[in-house]
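Okay, so here's the structure we're looking at.
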Amino acid sequence: RAVSGLIVIQEKLTQNAKILLSTLANTEEFKRLDARAMSETFRSIKSVYNDYANFHAVYPDGTVFASAAAIPAGGVNLADRKHVIDVLATKGFSVGEYIISRLTFEPVLPFSYPVTDAQGNIVAVLIAVVRLSNYAGYFSQAKLPEDSSIILLDHDFRTLLSSNDRGESRQPGSVNAVLRDAFLGNRHVFSSKDIDGIDRIYSIQGVTLGTTTKPYLFIAIGVPTEVARQRSLDALKLWIVLGAFVIAFSFIASLVLLKMKIALHCSKIYEAA
C-alpha cells in the first residue's frame, strides 16, 4: 500500500508538470518563440516553484534558445536527451531519465512538452526539470519502521534517489541490478540483503503515463526482515500504511498549493498575452 500511495502521488506530480507545460505551450508568446519573453516567464515561474531546478526551451534540433538559468557561452544542445527524443517521436508529453543538467549542473528528472504551429509541426520543446533532492524531504517524513528504505529509479533502473529512515540519501545514477532483476523477473515482493548489511523485504512497482505499458519510473520500499518477523503481519501493514499516509499528506498539501499557484500564474500570462 505504501508503494501504491507513492505512485498516486508521483502521478499527480507528473500531471501538474504536464498542465504547466501544456498551458505555456499554448500562450501567444510561446507560439511566437519569443526567446526573451519566454526566458522571463521561465524565471518568473521558477521563482514561485522551488521544486524545479530550471525551465527551458529547445528547437527541434536540440539547441537551447530560452531558459530561466543562464545559457553557457557557446550554447547547449540537448538533441541526445531522452525527453527531447521522445517528444519529437510522439508529439506528446514525455518524461526523461536520470541526468545531470547541462544548465544547472545538478541531478534532475526532466518533463517535456511540444510547441506546435498551425499545421501541427513541432517548432520547439518546453522542458521542466525537477530537483531530485526535493524528494528526500518528503521521504524523511514517512513513519516507516527503523532502517526502512525508499528508492526511486528511472526507466532504466538507474537510482534517482535512495533514502532511509535517518534521512540519509544519495543520488548515484547507477543501475540497481537487484531491483531491476526482481521486477523483470516478476518478483514484485522479495527479500534482499542491502549494502548496509540489513536484510529487507522489498515491494517494487512501476509508474506509467497511461499511454504506454513501459514504466518511466519505479518506486521501491524496503522494510527490515527482522521487523517483519518480530511484528505481526497486521502491525507491519499498519506501519506501512501510516507511513504512506504521512508522505501522501505532505505531497498532496503541496500539490493543492501548487495547482492554485499555477492557475493564478497562467491567468496572468493569458491577460498579458
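In the C-alpha cells, chains take letters A, B, ... by order of appearance, with residues numbered from 1 within each chain and ligands from 1 in the order shown.
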
Quick one: residues within 10 Å of A:Gly75, only C-alpha atoms, excluding same-chain residues fewer than 6 positions away - as a list of chain:residue names? A:Thr63, A:Val64, A:Phe65, A:Leu103

Emit the selected residues as a PDB file, in the first residue's frame, including C-alpha atoms.
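Result went into out.pdb, see below:
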ATOM      1  CA  THR A  63      19.517  23.852 -29.357  1.00  0.00           C
ATOM      2  CA  VAL A  64      18.516  25.650 -26.149  1.00  0.00           C
ATOM      3  CA  PHE A  65      17.217  29.131 -27.021  1.00  0.00           C
ATOM      4  CA  LEU A 103      22.287  24.140 -17.466  1.00  0.00           C
TER       5      LEU A 103
END

Just the helix (DSSP H, G or I) stuff from stretch 45-104 of chain A, please, per backbone DSSP, written as a list in words. Ile45, Lys46, Ser47, Val48, Lys82, His83, Val84, Ile85, Asp86, Val87, Leu88, Ala89 and Thr90 of chain A

If you count only C-alpha atoms, which residues fall within 8 Å of stretch 28-45 of chain A, apart from same-chain ones fewer than 5 positions away, as a PyMOL selection string? chain A and resi 54-56+65-69+115-117+124+265+273

Would you save the residues from that selection as a short mmCIF file (atom, residue, chain, number, x, y, z; two decimals), in the first residue's frame, using C-alpha atoms?
data_model
loop_
_atom_site.label_atom_id
_atom_site.label_comp_id
_atom_site.auth_asym_id
_atom_site.auth_seq_id
_atom_site.Cartn_x
_atom_site.Cartn_y
_atom_site.Cartn_z
CA ASN A 54 15.02 25.04 -14.31
CA PHE A 55 12.63 25.67 -17.18
CA HIS A 56 13.97 25.93 -20.72
CA PHE A 65 17.22 29.13 -27.02
CA ALA A 66 15.33 30.17 -23.87
CA SER A 67 15.99 29.35 -20.22
CA ALA A 68 15.39 30.52 -16.67
CA ALA A 69 19.02 29.68 -15.91
CA VAL A 115 5.06 23.62 -29.04
CA THR A 116 3.37 23.23 -32.44
CA ASP A 117 2.49 25.55 -35.31
CA ALA A 124 10.02 23.83 -30.06
CA HIS A 265 0.18 32.47 -12.79
CA ALA A 273 -0.85 37.92 -23.91
#

Quick check, in Å to one decimal: how far apart do atom CA of A:Val108 and atom CA of A:Ile19 lie?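 Atom CA of A:Val108 sits 19.2 Å away from atom CA of A:Ile19.
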
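Here atom CA of A:His188 stands at a distance of 18.6 Å from atom CA of A:Gln10.
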
Which residues are close to A:Gln205, i.e. within 7 Å by only C-alpha atoms, leaving aside same-chain residues fewer than 3 positions away? Reply as a ChimeraX atom specification. /A:3,188,218-220

Please return, as a list in words, all residues of stretch 32-89 of chain A that DSSP assigns to strand (DSSP E or B) on the basis of the backbone. Tyr52, Ala53, Asn54, Phe55, His56, Ala57, Val58, Thr63, Val64, Phe65, Ala66, Ser67 and Asn77 of chain A

Counting only C-alpha atoms, which residue out of A:Ser22, A:Ser163, A:Ser149, A:Ser94 sits closest to A:Ser203?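 Comparing A:Ser22, A:Ser163, A:Ser149, A:Ser94 against A:Ser203, the winner is A:Ser149.
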
A:Asp154, A:Glu226, A:Asp199, A:Asp61: which is nearest A:Val84, counting only C-alpha atoms?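 Looking at the shortest contact to A:Val84, the residue is A:Asp61.
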
Go through A:Asn77, A:Pro114, A:His83, A:Ala128 one by one, measure the shortest atom-to-atom distance of each to A:Asn16 using only C-alpha atoms, and give the residue with the smallest value.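 The answer is A:Ala128, which sits nearest to A:Asn16.
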
Which residues are close to A:Ile127, i.e. within 7 Å by only C-alpha atoms, leaving aside same-chain residues fewer than 4 positions away? Reply as an NGL selection string. :A and (55-57 or 110-113)

Would you mind exporting the chosen residues as a compact mmCIF listing (two decimals), in the first residue's frame, restricted to N, CA, C and O atoms?
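As written to disk, result27.txt reads:
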# COMPACT_ATOMS: atom_id res chain seq x y z
N PHE A 55 13.56 25.78 -16.06
CA PHE A 55 12.63 25.67 -17.18
C PHE A 55 13.38 26.18 -18.40
O PHE A 55 14.03 27.23 -18.34
N HIS A 56 13.30 25.47 -19.52
CA HIS A 56 13.97 25.93 -20.72
C HIS A 56 13.26 25.39 -21.96
O HIS A 56 12.37 24.55 -21.87
N ALA A 57 13.67 25.91 -23.12
CA ALA A 57 13.07 25.52 -24.39
C ALA A 57 14.17 25.25 -25.41
O ALA A 57 15.21 25.92 -25.41
N PRO A 110 13.67 15.28 -15.89
CA PRO A 110 13.01 16.24 -16.78
C PRO A 110 11.64 15.80 -17.30
O PRO A 110 11.38 14.61 -17.47
N PHE A 111 10.79 16.80 -17.54
CA PHE A 111 9.50 16.61 -18.19
C PHE A 111 9.48 17.52 -19.41
O PHE A 111 10.03 18.62 -19.38
N SER A 112 8.83 17.10 -20.49
CA SER A 112 8.86 17.91 -21.71
C SER A 112 7.51 17.88 -22.44
O SER A 112 6.72 16.95 -22.29
N TYR A 113 7.29 18.96 -23.24
CA TYR A 113 6.03 19.09 -23.96
C TYR A 113 6.29 19.89 -25.24
O TYR A 113 7.07 20.85 -25.23

Near A:Leu152, counting only C-alpha atoms, which residues have an atom at most 10 Å away, once you skip same-chain residues fewer than 2 positions from it, shown as a PDB file with N, CA, C and O atoms, in the first residue's frame?
ATOM      1  N   LEU A 132      15.969  16.340  -7.903  1.00  0.00           N
ATOM      2  CA  LEU A 132      15.777  15.050  -7.242  1.00  0.00           C
ATOM      3  C   LEU A 132      15.941  15.180  -5.731  1.00  0.00           C
ATOM      4  O   LEU A 132      15.336  14.430  -4.969  1.00  0.00           O
ATOM      5  N   TYR A 135      12.854  15.246  -3.241  1.00  0.00           N
ATOM      6  CA  TYR A 135      12.145  14.055  -2.793  1.00  0.00           C
ATOM      7  C   TYR A 135      12.596  13.610  -1.405  1.00  0.00           C
ATOM      8  O   TYR A 135      11.820  13.049  -0.635  1.00  0.00           O
ATOM      9  N   ILE A 150      13.478   3.740   1.020  1.00  0.00           N
ATOM     10  CA  ILE A 150      12.625   4.126  -0.102  1.00  0.00           C
ATOM     11  C   ILE A 150      13.547   4.470  -1.268  1.00  0.00           C
ATOM     12  O   ILE A 150      14.485   5.248  -1.116  1.00  0.00           O
ATOM     13  N   ASP A 154      14.751   5.371 -12.430  1.00  0.00           N
ATOM     14  CA  ASP A 154      14.194   5.802 -13.700  1.00  0.00           C
ATOM     15  C   ASP A 154      13.849   4.592 -14.562  1.00  0.00           C
ATOM     16  O   ASP A 154      13.898   3.450 -14.094  1.00  0.00           O
ATOM     17  N   PHE A 157      16.198   1.692 -14.520  1.00  0.00           N
ATOM     18  CA  PHE A 157      16.530   1.244 -13.166  1.00  0.00           C
ATOM     19  C   PHE A 157      17.768   1.936 -12.608  1.00  0.00           C
ATOM     20  O   PHE A 157      18.434   1.415 -11.713  1.00  0.00           O
ATOM     21  N   ARG A 158      18.077   3.133 -13.121  1.00  0.00           N
ATOM     22  CA  ARG A 158      19.123   3.949 -12.507  1.00  0.00           C
ATOM     23  C   ARG A 158      18.526   4.632 -11.289  1.00  0.00           C
ATOM     24  O   ARG A 158      17.419   5.169 -11.344  1.00  0.00           O
ATOM     25  N   THR A 159      19.267   4.626 -10.194  1.00  0.00           N
ATOM     26  CA  THR A 159      18.764   5.195  -8.952  1.00  0.00           C
ATOM     27  C   THR A 159      18.629   6.705  -9.058  1.00  0.00           C
ATOM     28  O   THR A 159      19.610   7.413  -9.308  1.00  0.00           O
ATOM     29  N   LEU A 160      17.414   7.203  -8.891  1.00  0.00           N
ATOM     30  CA  LEU A 160      17.171   8.640  -8.836  1.00  0.00           C
ATOM     31  C   LEU A 160      17.450   9.156  -7.436  1.00  0.00           C
ATOM     32  O   LEU A 160      18.082  10.188  -7.237  1.00  0.00           O
ATOM     33  N   LEU A 161      16.953   8.407  -6.458  1.00  0.00           N
ATOM     34  CA  LEU A 161      17.150   8.804  -5.066  1.00  0.00           C
ATOM     35  C   LEU A 161      16.941   7.601  -4.166  1.00  0.00           C
ATOM     36  O   LEU A 161      16.050   6.784  -4.397  1.00  0.00           O
ATOM     37  N   SER A 162      17.781   7.485  -3.141  1.00  0.00           N
ATOM     38  CA  SER A 162      17.663   6.405  -2.165  1.00  0.00           C
ATOM     39  C   SER A 162      17.743   7.030  -0.788  1.00  0.00           C
ATOM     40  O   SER A 162      18.673   7.777  -0.487  1.00  0.00           O
ATOM     41  N   SER A 163      16.749   6.744   0.056  1.00  0.00           N
ATOM     42  CA  SER A 163      16.699   7.373   1.367  1.00  0.00           C
ATOM     43  C   SER A 163      16.270   6.375   2.427  1.00  0.00           C
ATOM     44  O   SER A 163      15.419   5.520   2.190  1.00  0.00           O
ATOM     45  N   GLN A 171      22.398  10.187  -4.618  1.00  0.00           N
ATOM     46  CA  GLN A 171      21.879  10.270  -5.974  1.00  0.00           C
ATOM     47  C   GLN A 171      22.952   9.770  -6.929  1.00  0.00           C
ATOM     48  O   GLN A 171      23.539  10.537  -7.687  1.00  0.00           O
ATOM     49  N   ILE A 204       8.215  -3.457  -5.084  1.00  0.00           N
ATOM     50  CA  ILE A 204       8.556  -2.533  -6.160  1.00  0.00           C
ATOM     51  C   ILE A 204       7.456  -2.507  -7.201  1.00  0.00           C
ATOM     52  O   ILE A 204       6.905  -3.553  -7.556  1.00  0.00           O
ATOM     53  N   GLY A 206       6.025  -0.133 -10.914  1.00  0.00           N
ATOM     54  CA  GLY A 206       6.345   0.850 -11.938  1.00  0.00           C
ATOM     55  C   GLY A 206       5.264   1.904 -12.069  1.00  0.00           C
ATOM     56  O   GLY A 206       4.103   1.675 -11.718  1.00  0.00           O
ATOM     57  N   LEU A 217       9.173   5.293 -14.371  1.00  0.00           N
ATOM     58  CA  LEU A 217       9.706   5.426 -13.023  1.00  0.00           C
ATOM     59  C   LEU A 217       9.352   4.185 -12.227  1.00  0.00           C
ATOM     60  O   LEU A 217       8.308   3.565 -12.458  1.00  0.00           O
ATOM     61  N   PHE A 218      10.223   3.808 -11.304  1.00  0.00           N
ATOM     62  CA  PHE A 218       9.954   2.692 -10.398  1.00  0.00           C
ATOM     63  C   PHE A 218      10.105   3.177  -8.959  1.00  0.00           C
ATOM     64  O   PHE A 218      10.994   3.991  -8.653  1.00  0.00           O
ATOM     65  N   ILE A 219       9.220   2.677  -8.094  1.00  0.00           N
ATOM     66  CA  ILE A 219       9.267   3.033  -6.677  1.00  0.00           C
ATOM     67  C   ILE A 219       9.364   1.749  -5.861  1.00  0.00           C
ATOM     68  O   ILE A 219       8.589   0.814  -6.067  1.00  0.00           O
ATOM     69  N   ALA A 220      10.335   1.706  -4.959  1.00  0.00           N
ATOM     70  CA  ALA A 220      10.523   0.521  -4.108  1.00  0.00           C
ATOM     71  C   ALA A 220      10.617   0.936  -2.650  1.00  0.00           C
ATOM     72  O   ALA A 220      11.235   1.944  -2.308  1.00  0.00           O
ATOM     73  N   ILE A 221       9.982   0.160  -1.790  1.00  0.00           N
ATOM     74  CA  ILE A 221      10.067   0.372  -0.339  1.00  0.00           C
ATOM     75  C   ILE A 221      10.532  -0.930   0.300  1.00  0.00           C
ATOM     76  O   ILE A 221       9.988  -2.004   0.023  1.00  0.00           O
TER      77      ILE A 221
END
